[in-house]
Amino acid sequence: MVLPMDSRNIMVGAIVVIILIIAGAGTYMYTQQDSAAATVTLIVEYNGLKEAETFEDVGMPEDSTVLDLLMEKTDVVTEDSDYGKMVISINDIAQDAGENLWWTYTMNGEYASAGAEAQLLSEGDVVKWTLSQF
């Protein structure tokens, strides 16, 4: 079957539009992946209850917090407190007041001065969550 010239032009035009849309979507996705404001590392230590986990080269968008990073890479349960959100469980390992075990975090080897939902990430940060006994 031979299509009239107008029908072929419409079909060629439609194919060109589809190709441009697909190419544009691929470019958008590539740009989104490379537009991370900070590439960081997350370490989670479970005080021997589970093997430690390390997530390296995690790209996070601008204005991401320590809590955003934790939520991106793990299953987190938080609880509202007078000081903001408090992490009470990471990957089904919960803190335990009876055993005096609490989730704490350090940033670049130092205890943070802000809560996890307020502490912004910067390029190269290393965030370490530890189930600590006090």
# chains A, B, ... in the order shown; residues from 1 in each chain; ligands from 1
$ residues_around --residues "A:Glu53" --least-positions-apart "2" --cutoff "12 Å" --atoms "only C-alpha atoms" --output "ChimeraX atom specification"
/A:41-48,50-51,55-56,70,73-74,90-91,127-130
$ residues_around --residues "A:Asp125" --least-positions-apart "2" --cutoff "6 Å" --atoms "only C-alpha atoms" --output "ChimeraX atom specification"
/A:40,108,122-123
$ write_last_selection --atoms "all heavy atoms" --output "PDB file, in the first residue's frame"
ATOM      1  N   VAL A  40      28.161  12.153  48.853  1.00  0.00           N
ATOM      2  CA  VAL A  40      28.503  11.881  50.246  1.00  0.00           C
ATOM      3  C   VAL A  40      28.572  10.378  50.497  1.00  0.00           C
ATOM      4  O   VAL A  40      28.228   9.576  49.633  1.00  0.00           O
ATOM      5  CB  VAL A  40      27.469  12.527  51.192  1.00  0.00           C
ATOM      6  CG1 VAL A  40      27.455  14.040  51.035  1.00  0.00           C
ATOM      7  CG2 VAL A  40      26.076  11.973  50.953  1.00  0.00           C
ATOM      8  N   ASN A 108      31.732  13.636  59.433  1.00  0.00           N
ATOM      9  CA  ASN A 108      33.173  13.812  59.226  1.00  0.00           C
ATOM     10  C   ASN A 108      33.948  13.564  60.524  1.00  0.00           C
ATOM     11  O   ASN A 108      34.900  14.262  60.841  1.00  0.00           O
ATOM     12  CB  ASN A 108      33.467  15.196  58.650  1.00  0.00           C
ATOM     13  CG  ASN A 108      32.710  15.431  57.365  1.00  0.00           C
ATOM     14  OD1 ASN A 108      32.615  14.542  56.512  1.00  0.00           O
ATOM     15  ND2 ASN A 108      32.125  16.602  57.214  1.00  0.00           N
ATOM     16  N   SER A 122      27.220  18.598  52.651  1.00  0.00           N
ATOM     17  CA  SER A 122      28.153  19.266  51.741  1.00  0.00           C
ATOM     18  C   SER A 122      28.955  18.205  51.008  1.00  0.00           C
ATOM     19  O   SER A 122      29.057  17.059  51.459  1.00  0.00           O
ATOM     20  CB  SER A 122      29.112  20.179  52.511  1.00  0.00           C
ATOM     21  OG  SER A 122      28.407  21.202  53.155  1.00  0.00           O
ATOM     22  N   GLU A 123      29.537  18.597  49.910  1.00  0.00           N
ATOM     23  CA  GLU A 123      30.349  17.696  49.092  1.00  0.00           C
ATOM     24  C   GLU A 123      31.398  16.990  49.952  1.00  0.00           C
ATOM     25  O   GLU A 123      32.113  17.616  50.726  1.00  0.00           O
ATOM     26  CB  GLU A 123      31.033  18.482  47.969  1.00  0.00           C
ATOM     27  CG  GLU A 123      31.937  17.656  47.094  1.00  0.00           C
ATOM     28  CD  GLU A 123      31.179  16.589  46.304  1.00  0.00           C
ATOM     29  OE1 GLU A 123      29.998  16.786  45.951  1.00  0.00           O
ATOM     30  OE2 GLU A 123      31.784  15.540  46.035  1.00  0.00           O
TER      31      GLU A 123
END
$ residues_around --residues "A:Ala97" --least-positions-apart "5" --cutoff "10 Å" --atoms "only C-alpha atoms" --output "list of chain:residue names"
A:Trp102, A:Gln133, A:Phe134
$ closest_residue --among "A:Ile93, A:Val58, A:Leu49, A:Val66" --to "A:Ala112" --atoms "only C-alpha atoms"
A:Val66
$ atom_distance --atom1 "atom CA of A:Asp57" --atom2 "atom CA of A:Asp80"
29.5 Å
